[in-house]
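**Student:** Mind looking over this structure? Questions follow.
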Amino acid sequence: MKKAIALMLILCMAVSFAACGTENKPADGTSSASVKHEVAGEIAGEISISCYDTMQYKAFLEAAANLFMAKYPGTKVTIKTFSTMPEVKVMEKDGATVMSSEITDDPVARADYLSKLNTELIGGGGADLLALDILPIERYAKNGQFAPLDEFMNSDPDFHPEDYRQNILEAVKQGGHTVFLPTDYSFNYATFDKSLFTPEQAETLKNEGTFTYAGLISSAEGAFASANAGADKKIRMLEQSARFLFGALWDENYSKFINFADRTANFTDGSFAALLEAVKGYADKGYIFSDENAEIISGQQVFFRVKSDMSLAYDLDYNKVSPIQFFDGGSENDIIGGIQANADGNIPFRFFRGYAMNANSKNQRTAWEFLKFLLSEEMQLSVDGMGLPINNAARAKKAEMSIDGSLYGEKTPMTEGMQNLLAEYQAAVERFSDRINAYPLADSTISAMIREETAHFFDGAKTASEVCEALQSRVNLYLGE
Amino acid sequence: MKNRRIPPGFWFLLPGLLGFLLFYILPFGGSVGYSVMSQPVNGKFVGVQNYLSLLASPAYLRGLWNTVKFMGVSVPLNMALSLGVALLIRKKRHRELFTLIFLIPLVLPSGSMAFFWRVVFSYNGALNGALQGLGIGKVNWLDSALALPVMVLIFIWKNMGYNMVLFLSGLHSIPMEYYEAAWVDGASPRQALWSITLPNLAATSVLVCIMSVVNSFKVFREIYLLTGNYPHQSIYTLQHFMNNMFASLNYPKLTTATTILVCIIAVLTQGLLWLERRTSS
């Protein structure tokens with residue numbers, strides 16, 4: 001009896017050990033040969049894409065999937081999204097029907113999605129393509145959960161890197177490898193109100209250099225004092241709240257406080273506390289709004305406006321099409337100043353949609369083709385596409401379609417003013433985009449800790465030094481894992 | 001030739017045994033397999049490398065130390081208090097009512113419990129409100145070294161009723177004749193406790209100890225609901241480490257930590273069962 005039980009136990013252990021090894025491919029150079037084989041294979045079968053954010057991904061990806069399946073008969077693309085769509089409220093106001101919806105962040109749903117995804121991945125499954133909306137990219141990449149895309153990019157004769165923004169493709173590399181691809185990009189740029197500065201100051205600000213938030217504020221302290229002397233209603237430096245500005249300053253100074261290479265945090269040397277106190281000081285002086293819930297009216301006069309998307313879709317005023325209007329930040333006097341740089345001098349970008357290929361995918365050939373399809377001109381010209389297309393031809397064409405209205409189904413003949421606007425816009429976008437050289441992988445866990453702890457400071461529940469100590473402890477614990 | 005007939009009991013055991021093999025041994029075998037691979041996907045065999053790097057990980061060692069510390073404080077304290085309460089109420093008229101009251105925390109859902117304790121211990125919570133009313137400043141209960149005593153309190157509050165029931169059952173199994181003989185010989189209540197009650201509760205104590213150790217691992221749920229993935233360092237337990245490794249898909253570290261934990265629990269349980277056999281005999 002004992003012998004029989006022992007034998008069964010040994011057999012079970014042997015089976016489970018064997019299961020660990022059979023699916024694993026070699027991690028050495030032989031994988032490249034298998035990728036070449038994959039790229040030469042047939043585009044067929046079923047693939048799936050997993051996303052958390054339903055609102056951002058579902059409709060766009062379903063449209064893409066339908067086009068892809070029509071282009072490649074014999075394929076099936078399934079879109080799996082997780083978050084619930086925000087509830088749309090319809091009400092009557094002054095005789096008009098007003099629709100509103102509130103987008104709320106649900107940490108429990110996020111955790112549930114990651115838990116579900118991890119359970120699938122740990123079992124050797126999961127969707128073929130993973131949207132990067134809430135994934136801890138750095139950790140997944142480090143643990144080899146993303147298939148190396150550069151091997152597909154190098155082996156596929158139909159993929160031409162020069163068709164895309166190459167500095168973006170370079171910036172997203174992890175340890176020399178491309179393991180995820182953004183389909184769009186955007187960057188922060190600042191405009192300033194020239195009427196609030198002397199002509200000399202305005203000339204200095206207009207040089208299209210780089211800026212940091214701290215630099216913007218210090219450059220306008222004199223002008224702020226003179227513009228607001230004796231005024232009843234203050235003209236703020238920025239149309240932002242203290243918490244928002246702190247978030248932006250945190251992004252700017254990330255590398256000062258987090259060293260991913262050494263897995264260490266530095267919150268207790270006084271500079272983080274100084275940053276917190278500085279933001280509070282800005283609010284006290286009236287440079288920014290102190291309260292998150294203050295009535296921050298977009299379009300009011302401010303010294304600087306930091307904008308996150310140099311997109312005609314947001315900035316173009318069709319009623320006043322003119323060469324300078326796309327820089328309009330709500331005031332006719334707004335002039336573009338420069339592109340945002342981090343404290344380390346690098347010029348970062350962000351993306352709205354990005355994807356990685358699951359290393360467990362059994363149909364990498366079709367998954368790669370779908371990813372390529374998302375990068376194609378056809379999909380990058382979608383009106384649902386956000387940010388600037390990473391595809392060079394699509395970026396140029398989308399700008400033109402935005403100006404002549406064909407992107408929205410209302411094409412109008414191009415006037416000379418519109419032609420000038422297009423030329424100026426495209427030149428500005430490319431001029432700024434050429435300077436991008438970094439994609440800082442902001443760790444979502446650390447960002448959540450920062451938001452949580454600094455909220456206590458702005459609420460008055462904790463002092464700056466208490467926040468620093470708590471963060472030092474928590475972040476070090478996280479990095480030490 | 002020797003008759004090698006399979007005993008009928010084997011067939012009764014077989015379904016349970018198969019379930020145990022399928023749902024426990026097989027996954028554990030897979031887990032041990034992952035613990036000797038460099039990564040779950042396209043990984044290679046690395047022998048004991050993961051074990052060595054885990055034992056050098058400050059977060060793992062902190063989790064291990066905190067778990068040992070938590071167990072070292074909460075298990076004996078919980079046992080002592082539940083034994084004390086069991087001794088106090090065993091002859092009371094409303095023993096059933098007391099038992100029911102002490103068992104209520106055990107059936108409350110963790111989510112409601114976490115909500116209740118958050119209301120009590122959060123920075124702007126009820127306790128700090130009361131302290132302020134008394135002219136004492138606010139205390140950061142959940143985000144300072146005081147978090148450990150708070151967690152011990154929650155653990156005891158939740159598990160004392162269960163242990164008390166076990167001790168009550170042990171107390172009832174001690175024959176009354178022992179006490180009657182002791183009283184005839186002039187023994188004091190304290191002597192009766194030391195010489196009759198405690199020695200006869202040895203087997204129950206071992207069981208209570210095992211259950212308390214097992215339940216002390218489950219306290220993670222409450223800590224997690226109250227303080228999240230990365231709480232104050234003093235209450236970061238092994239389960240935090242393993243949960244976070246799962247969230248970040250670090251299977252080698254997760255499975256290595258699991259294997260070590262299973263070994264520790266196996267040794268601990270065997271030690272306690274050996275102790276029980278020794279005391280019983």
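Just so we're on the same page: first chain in the structure tokens is A, next is B, and so on; residues restart at 1 for each chain, and ligands are numbered from 1 in the order they show up.
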Starting from chain B, keep only residues with some atom at most 8 Å from an atom of chain A, counting only C-alpha atoms, and report them as an MDAnalysis selection string.
**Tutor:** chainID B and resid 6 10 21 25:27 29:30 32:34 39:44 57:60 123 143 230:233 241 245:251
**Student:** What does the file look like for those residues with C-alpha atoms, as an mmCIF file, in the first residue's frame?
**Tutor:**
data_model
loop_
_atom_site.group_PDB
_atom_site.id
_atom_site.type_symbol
_atom_site.label_atom_id
_atom_site.label_comp_id
_atom_site.auth_asym_id
_atom_site.auth_seq_id
_atom_site.Cartn_x
_atom_site.Cartn_y
_atom_site.Cartn_z
ATOM 1 C CA ILE B 6 -5.165 -4.818 -2.150
ATOM 2 C CA PHE B 10 -7.479 1.468 -0.388
ATOM 3 C CA LEU B 21 -2.563 14.274 -6.033
ATOM 4 C CA ILE B 25 0.842 17.402 -5.300
ATOM 5 C CA LEU B 26 0.762 17.987 -9.057
ATOM 6 C CA PRO B 27 0.654 21.816 -8.851
ATOM 7 C CA GLY B 29 5.477 19.604 -8.346
ATOM 8 C CA GLY B 30 5.032 22.176 -11.118
ATOM 9 C CA VAL B 32 9.063 23.153 -7.585
ATOM 10 C CA GLY B 33 9.882 22.783 -11.288
ATOM 11 C CA TYR B 34 9.538 26.533 -11.885
ATOM 12 C CA GLN B 39 12.152 32.238 -16.101
ATOM 13 C CA PRO B 40 8.760 30.704 -16.824
ATOM 14 C CA VAL B 41 8.895 31.322 -20.567
ATOM 15 C CA ASN B 42 11.921 30.158 -22.556
ATOM 16 C CA GLY B 43 13.709 29.573 -19.261
ATOM 17 C CA LYS B 44 16.685 27.340 -18.617
ATOM 18 C CA SER B 57 16.745 39.242 -1.138
ATOM 19 C CA PRO B 58 16.186 41.877 1.574
ATOM 20 C CA ALA B 59 12.433 41.990 0.879
ATOM 21 C CA TYR B 60 12.075 38.208 1.253
ATOM 22 C CA TYR B 123 -5.294 58.736 10.556
ATOM 23 C CA ASP B 143 1.850 53.584 8.893
ATOM 24 C CA TYR B 230 3.223 47.651 0.271
ATOM 25 C CA PRO B 231 2.371 48.397 3.891
ATOM 26 C CA HIS B 232 4.698 49.696 6.585
ATOM 27 C CA GLN B 233 7.857 47.599 6.702
ATOM 28 C CA PHE B 241 6.130 39.069 -0.964
ATOM 29 C CA MET B 245 5.754 38.289 -7.037
ATOM 30 C CA PHE B 246 2.593 36.860 -8.578
ATOM 31 C CA ALA B 247 1.454 40.356 -9.596
ATOM 32 C CA SER B 248 4.761 41.056 -11.293
ATOM 33 C CA LEU B 249 4.949 37.593 -12.906
ATOM 34 C CA ASN B 250 8.176 36.677 -11.146
ATOM 35 C CA TYR B 251 7.402 32.938 -11.015
#
**Student:** What parts of segment 193-363 of chain A does DSSP call strand (DSSP E)? I'd like the answer as a list in words.
**Tutor:** Asp193, Gly209, Thr210, Phe211, Ile258, Asn259, Thr264, Ala265, Phe304, Arg305, Val306, Lys307, Asp334, Ile335, Ile336, Gly337, Gly338, Ile339, Gln340, Gly354, Tyr355, Ala356 and Met357 of chain A
**Student:** What lies within 6 Å of segment 262-272 of chain A using only C-alpha atoms, ignoring chain neighbours under 3 positions off, as a count of residues only?
**Tutor:** 8
**Student:** Using only C-alpha atoms, which residues sit within 7 Å of segment 81-86 of chain B once same-chain residues fewer than 2 positions away are excluded, as a ChimeraX atom specification?
**Tutor:** /B:77-79,88-90,160,163-164,167-168
**Student:** With all heavy atoms retained, write the just-selected residues as a CSV table (one decimal), in the first residue's frame.
**Tutor:**
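Now in out.csv:
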chain,number,residue,atom,x,y,z
B,77,LEU,N,0.2,34.6,22.5
B,77,LEU,CA,-0.7,35.6,23.1
B,77,LEU,C,-2.1,35.1,22.9
B,77,LEU,O,-3.0,35.1,23.8
B,77,LEU,CB,-0.5,36.9,22.5
B,77,LEU,CG,-0.9,38.2,23.3
B,77,LEU,CD1,-0.2,38.2,24.7
B,77,LEU,CD2,-0.6,39.4,22.5
B,78,ASN,N,-2.4,34.7,21.7
B,78,ASN,CA,-3.8,34.3,21.4
B,78,ASN,C,-4.1,33.0,22.2
B,78,ASN,O,-5.2,32.9,22.7
B,78,ASN,CB,-3.8,34.0,19.8
B,78,ASN,CG,-5.2,33.7,19.4
B,78,ASN,OD1,-6.2,34.1,20.0
B,78,ASN,ND2,-5.4,33.1,18.2
B,79,MET,N,-3.2,32.1,22.3
B,79,MET,CA,-3.4,30.8,23.0
B,79,MET,C,-3.7,31.1,24.5
B,79,MET,O,-4.6,30.6,25.1
B,79,MET,CB,-2.2,29.9,22.8
B,79,MET,CG,-2.2,29.2,21.5
B,79,MET,SD,-0.8,28.1,21.3
B,79,MET,CE,-1.2,26.8,22.4
B,88,LEU,N,-12.4,31.0,32.3
B,88,LEU,CA,-13.3,31.9,33.0
B,88,LEU,C,-14.8,31.6,32.7
B,88,LEU,O,-15.6,31.7,33.6
B,88,LEU,CB,-13.1,33.4,32.5
B,88,LEU,CG,-11.9,34.1,33.2
B,88,LEU,CD1,-11.6,35.4,32.5
B,88,LEU,CD2,-12.1,34.2,34.7
B,89,ILE,N,-15.1,31.2,31.5
B,89,ILE,CA,-16.5,31.0,31.1
B,89,ILE,C,-17.0,29.6,31.2
B,89,ILE,O,-18.2,29.3,31.0
B,89,ILE,CB,-16.9,31.6,29.8
B,89,ILE,CG1,-16.2,30.8,28.6
B,89,ILE,CG2,-16.5,33.1,29.7
B,89,ILE,CD1,-16.8,31.1,27.3
B,90,ARG,N,-16.1,28.6,31.5
B,90,ARG,CA,-16.5,27.2,31.3
B,90,ARG,C,-17.6,26.8,32.3
B,90,ARG,O,-18.4,26.0,32.0
B,90,ARG,CB,-15.3,26.3,31.5
B,90,ARG,CG,-14.7,26.2,32.8
B,90,ARG,CD,-13.7,25.1,32.9
B,90,ARG,NE,-12.9,25.3,34.1
B,90,ARG,CZ,-12.1,24.4,34.5
B,90,ARG,NH1,-12.0,23.2,33.9
B,90,ARG,NH2,-11.3,24.6,35.5
B,160,MET,N,-9.7,34.4,18.5
B,160,MET,CA,-9.7,34.0,19.9
B,160,MET,C,-10.9,33.1,20.1
B,160,MET,O,-10.8,32.1,20.9
B,160,MET,CB,-9.8,35.2,20.8
B,160,MET,CG,-9.4,34.9,22.3
B,160,MET,SD,-9.2,36.3,23.2
B,160,MET,CE,-10.8,36.8,23.5
B,163,ASN,N,-10.2,29.4,19.0
B,163,ASN,CA,-9.3,28.7,19.9
B,163,ASN,C,-10.0,28.4,21.3
B,163,ASN,O,-9.8,27.4,21.9
B,163,ASN,CB,-8.1,29.6,20.2
B,163,ASN,CG,-7.2,29.6,19.0
B,163,ASN,OD1,-7.4,28.8,18.0
B,163,ASN,ND2,-6.1,30.4,19.0
B,164,MET,N,-10.9,29.4,21.7
B,164,MET,CA,-11.6,29.2,22.9
B,164,MET,C,-12.5,28.0,22.9
B,164,MET,O,-12.6,27.2,23.8
B,164,MET,CB,-12.4,30.5,23.2
B,164,MET,CG,-13.0,30.6,24.6
B,164,MET,SD,-14.1,32.0,24.6
B,164,MET,CE,-15.4,31.3,23.7
B,167,PHE,N,-10.4,25.0,23.3
B,167,PHE,CA,-10.0,24.8,24.7
B,167,PHE,C,-11.2,24.3,25.5
B,167,PHE,O,-11.0,23.5,26.4
B,167,PHE,CB,-9.4,26.1,25.2
B,167,PHE,CG,-7.9,26.2,24.9
B,167,PHE,CD1,-7.4,27.3,24.3
B,167,PHE,CD2,-7.0,25.2,25.2
B,167,PHE,CE1,-6.1,27.5,24.0
B,167,PHE,CE2,-5.6,25.3,25.0
B,167,PHE,CZ,-5.2,26.5,24.3
B,168,LEU,N,-12.3,24.9,25.3
B,168,LEU,CA,-13.5,24.5,26.1
B,168,LEU,C,-13.8,23.0,25.9
B,168,LEU,O,-14.1,22.3,26.9
B,168,LEU,CB,-14.8,25.3,25.6
B,168,LEU,CG,-15.0,26.7,26.2
B,168,LEU,CD1,-16.1,27.4,25.6
B,168,LEU,CD2,-15.2,26.6,27.7
**Student:** Just the alpha helix (DSSP H) stuff from segment 99-269 of chain B, please, per backbone DSSP, written as a PyMOL selection string.
**Tutor:** chain B and resi 99-107+110-121+126-133+147-172+176-184+189-192+198-200+202-218+220-227+238-247+251-269
**Student:** Under the rule that only C-alpha atoms are counted, which of A:Ser83, A:Thr178, A:Asn333, A:Ser155 is the nearest residue to Ala202 of chain A?
**Tutor:**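 The closest residue to Ala202 of chain A is A:Asn333.
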**Student:** Please list as number ranges by chain every residue within 10 Å of Gly111 of chain B, counting only C-alpha atoms and excluding residues in the same chain fewer than 4 positions away.
**Tutor:** B: 115-116, 221-222, 225-226
**Student:** Nearest to Phe45 of chain B: which of B:Leu272, B:Leu131, B:Pro252, B:Ala202 is it, counting only C-alpha atoms?
**Tutor:**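 So, comparing all the options, the nearest one is B:Pro252.
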**Student:** When you count only C-alpha atoms, which of these residues is closest to Lys307 of chain A: A:Tyr425, A:Tyr287, A:Phe187, A:Phe352?
**Tutor:** A:Phe187
**Student:** Excluding Ile265 of chain B and any residue of its chain fewer than 5 positions from it, enumerate the residues within 12 Å of it, using only C-alpha atoms, and give them as a PyMOL selection string.
**Tutor:** chain B and resi 68+210-211+213-214+217+258-260+270-273
**Student:** Based on the selection just made, write all heavy atoms of those residues as a compact mmCIF listing (two decimals), in the first residue's frame.
**Tutor:**
# COMPACT_ATOMS: atom_id res chain seq x y z
N VAL B 68 7.74 35.47 11.09
CA VAL B 68 8.18 34.75 12.30
C VAL B 68 7.86 35.58 13.54
O VAL B 68 7.33 35.08 14.54
CB VAL B 68 9.69 34.43 12.21
CG1 VAL B 68 10.22 33.90 13.54
CG2 VAL B 68 9.95 33.43 11.09
N ILE B 210 -1.21 24.50 16.21
CA ILE B 210 -1.16 24.27 14.75
C ILE B 210 -2.18 25.17 14.04
O ILE B 210 -1.87 25.84 13.05
CB ILE B 210 -1.41 22.78 14.41
CG1 ILE B 210 -0.24 21.93 14.91
CG2 ILE B 210 -1.58 22.59 12.90
CD1 ILE B 210 -0.46 20.43 14.78
N MET B 211 -3.40 25.19 14.57
CA MET B 211 -4.44 26.00 13.93
C MET B 211 -4.10 27.49 13.99
O MET B 211 -4.35 28.24 13.04
CB MET B 211 -5.80 25.77 14.62
CG MET B 211 -6.36 24.36 14.48
SD MET B 211 -6.32 23.71 12.81
CE MET B 211 -7.47 24.78 11.99
N VAL B 213 -1.07 28.78 14.08
CA VAL B 213 0.01 29.03 13.11
C VAL B 213 -0.59 29.15 11.71
O VAL B 213 -0.27 30.08 10.96
CB VAL B 213 1.08 27.90 13.17
CG1 VAL B 213 2.03 27.98 11.99
CG2 VAL B 213 1.86 27.98 14.47
N VAL B 214 -1.49 28.22 11.37
CA VAL B 214 -2.13 28.25 10.04
C VAL B 214 -2.92 29.55 9.88
O VAL B 214 -2.82 30.24 8.87
CB VAL B 214 -3.05 27.02 9.86
CG1 VAL B 214 -3.89 27.14 8.61
CG2 VAL B 214 -2.21 25.75 9.80
N PHE B 217 -1.04 32.80 9.12
CA PHE B 217 -0.72 33.05 7.71
C PHE B 217 -1.89 33.73 7.01
O PHE B 217 -1.70 34.47 6.07
CB PHE B 217 -0.38 31.74 6.99
CG PHE B 217 1.00 31.26 7.28
CD1 PHE B 217 1.21 30.21 8.16
CD2 PHE B 217 2.11 31.85 6.69
CE1 PHE B 217 2.49 29.76 8.44
CE2 PHE B 217 3.38 31.41 6.96
CZ PHE B 217 3.58 30.36 7.85
N THR B 258 7.49 29.74 -2.22
CA THR B 258 6.44 28.78 -1.86
C THR B 258 7.06 27.47 -1.40
O THR B 258 6.66 26.89 -0.38
CB THR B 258 5.53 28.50 -3.08
OG1 THR B 258 5.11 29.74 -3.62
CG2 THR B 258 4.32 27.69 -2.71
N THR B 259 8.05 26.99 -2.14
CA THR B 259 8.69 25.72 -1.80
C THR B 259 9.32 25.79 -0.41
O THR B 259 9.16 24.88 0.42
CB THR B 259 9.76 25.36 -2.86
OG1 THR B 259 9.16 25.46 -4.14
CG2 THR B 259 10.31 23.97 -2.66
N ILE B 260 10.02 26.90 -0.16
CA ILE B 260 10.67 27.05 1.16
C ILE B 260 9.60 27.10 2.26
O ILE B 260 9.74 26.47 3.30
CB ILE B 260 11.56 28.32 1.19
CG1 ILE B 260 12.75 28.13 0.22
CG2 ILE B 260 12.06 28.60 2.59
CD1 ILE B 260 13.66 29.33 0.12
N GLN B 270 5.37 18.80 11.74
CA GLN B 270 5.91 17.53 12.21
C GLN B 270 6.45 17.65 13.62
O GLN B 270 6.25 16.77 14.46
CB GLN B 270 7.02 17.04 11.25
CG GLN B 270 6.52 16.47 9.94
CD GLN B 270 5.55 15.31 10.15
OE1 GLN B 270 5.80 14.39 10.91
NE2 GLN B 270 4.40 15.38 9.47
N GLY B 271 7.11 18.79 13.88
CA GLY B 271 7.66 19.03 15.23
C GLY B 271 6.55 19.09 16.26
O GLY B 271 6.65 18.49 17.34
N LEU B 272 5.48 19.81 15.92
CA LEU B 272 4.37 19.95 16.85
C LEU B 272 3.66 18.61 17.07
O LEU B 272 3.27 18.27 18.20
CB LEU B 272 3.37 21.00 16.34
CG LEU B 272 3.84 22.45 16.46
CD1 LEU B 272 2.95 23.38 15.66
CD2 LEU B 272 3.87 22.88 17.92
N LEU B 273 3.50 17.83 15.99
CA LEU B 273 2.84 16.53 16.13
C LEU B 273 3.70 15.57 16.96
O LEU B 273 3.18 14.79 17.75
CB LEU B 273 2.56 15.94 14.74
CG LEU B 273 1.46 16.66 13.95
CD1 LEU B 273 1.38 16.12 12.54
CD2 LEU B 273 0.11 16.54 14.65
**Student:** Which residues, written as a PyMOL selection string, have at least one atom at most 12 Å from Phe220 of chain B, with only C-alpha atoms counted and residues fewer than 3 positions away on the same chain left out?
**Tutor:** chain B and resi 63+66-67+70+110+114+151-152+154-155+214-217+223-231+235-243
**Student:** Using C-alpha atoms, can you write the selected residues to a file as an mmCIF file, in the first residue's frame?
**Tutor:**
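What ended up in selection-v5.cif:
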data_model
loop_
_atom_site.group_PDB
_atom_site.id
_atom_site.type_symbol
_atom_site.label_atom_id
_atom_site.label_comp_id
_atom_site.auth_asym_id
_atom_site.auth_seq_id
_atom_site.Cartn_x
_atom_site.Cartn_y
_atom_site.Cartn_z
ATOM 1 C CA GLY B 63 8.884 39.206 5.000
ATOM 2 C CA ASN B 66 8.132 39.722 10.076
ATOM 3 C CA THR B 67 6.107 36.528 9.638
ATOM 4 C CA PHE B 70 4.152 38.045 14.055
ATOM 5 C CA SER B 110 -12.934 40.178 5.741
ATOM 6 C CA ALA B 114 -11.275 45.759 7.151
ATOM 7 C CA MET B 151 -2.333 43.588 13.404
ATOM 8 C CA VAL B 152 -1.767 41.367 16.441
ATOM 9 C CA ILE B 154 -6.933 42.186 14.868
ATOM 10 C CA PHE B 155 -5.612 38.613 14.696
ATOM 11 C CA VAL B 214 -2.126 28.253 10.044
ATOM 12 C CA ASN B 215 -4.477 31.145 10.845
ATOM 13 C CA SER B 216 -1.574 33.505 11.397
ATOM 14 C CA PHE B 217 -0.717 33.050 7.710
ATOM 15 C CA ILE B 223 -3.457 43.404 6.407
ATOM 16 C CA TYR B 224 -3.785 43.572 2.644
ATOM 17 C CA LEU B 225 -7.292 45.004 2.759
ATOM 18 C CA LEU B 226 -6.249 47.564 5.344
ATOM 19 C CA THR B 227 -2.855 48.632 4.050
ATOM 20 C CA GLY B 228 -2.429 47.366 0.489
ATOM 21 C CA ASN B 229 0.459 45.633 -1.306
ATOM 22 C CA TYR B 230 3.223 47.651 0.271
ATOM 23 C CA PRO B 231 2.371 48.397 3.891
ATOM 24 C CA ILE B 235 3.883 44.323 8.718
ATOM 25 C CA TYR B 236 5.248 43.241 5.347
ATOM 26 C CA THR B 237 4.833 39.455 5.521
ATOM 27 C CA LEU B 238 5.839 36.505 3.378
ATOM 28 C CA GLN B 239 2.389 36.537 1.803
ATOM 29 C CA HIS B 240 2.919 40.139 0.689
ATOM 30 C CA PHE B 241 6.130 39.069 -0.964
ATOM 31 C CA MET B 242 4.506 36.114 -2.714
ATOM 32 C CA ASN B 243 1.423 38.070 -3.748
#
**Student:** At what distance in Å, to one decimal, does atom CA of Ala428 of chain A lie from atom CA of Tyr164 of chain A?
**Tutor:**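 Result for atom CA of Tyr164 of chain A versus atom CA of Ala428 of chain A: 17.5 Å, one decimal.
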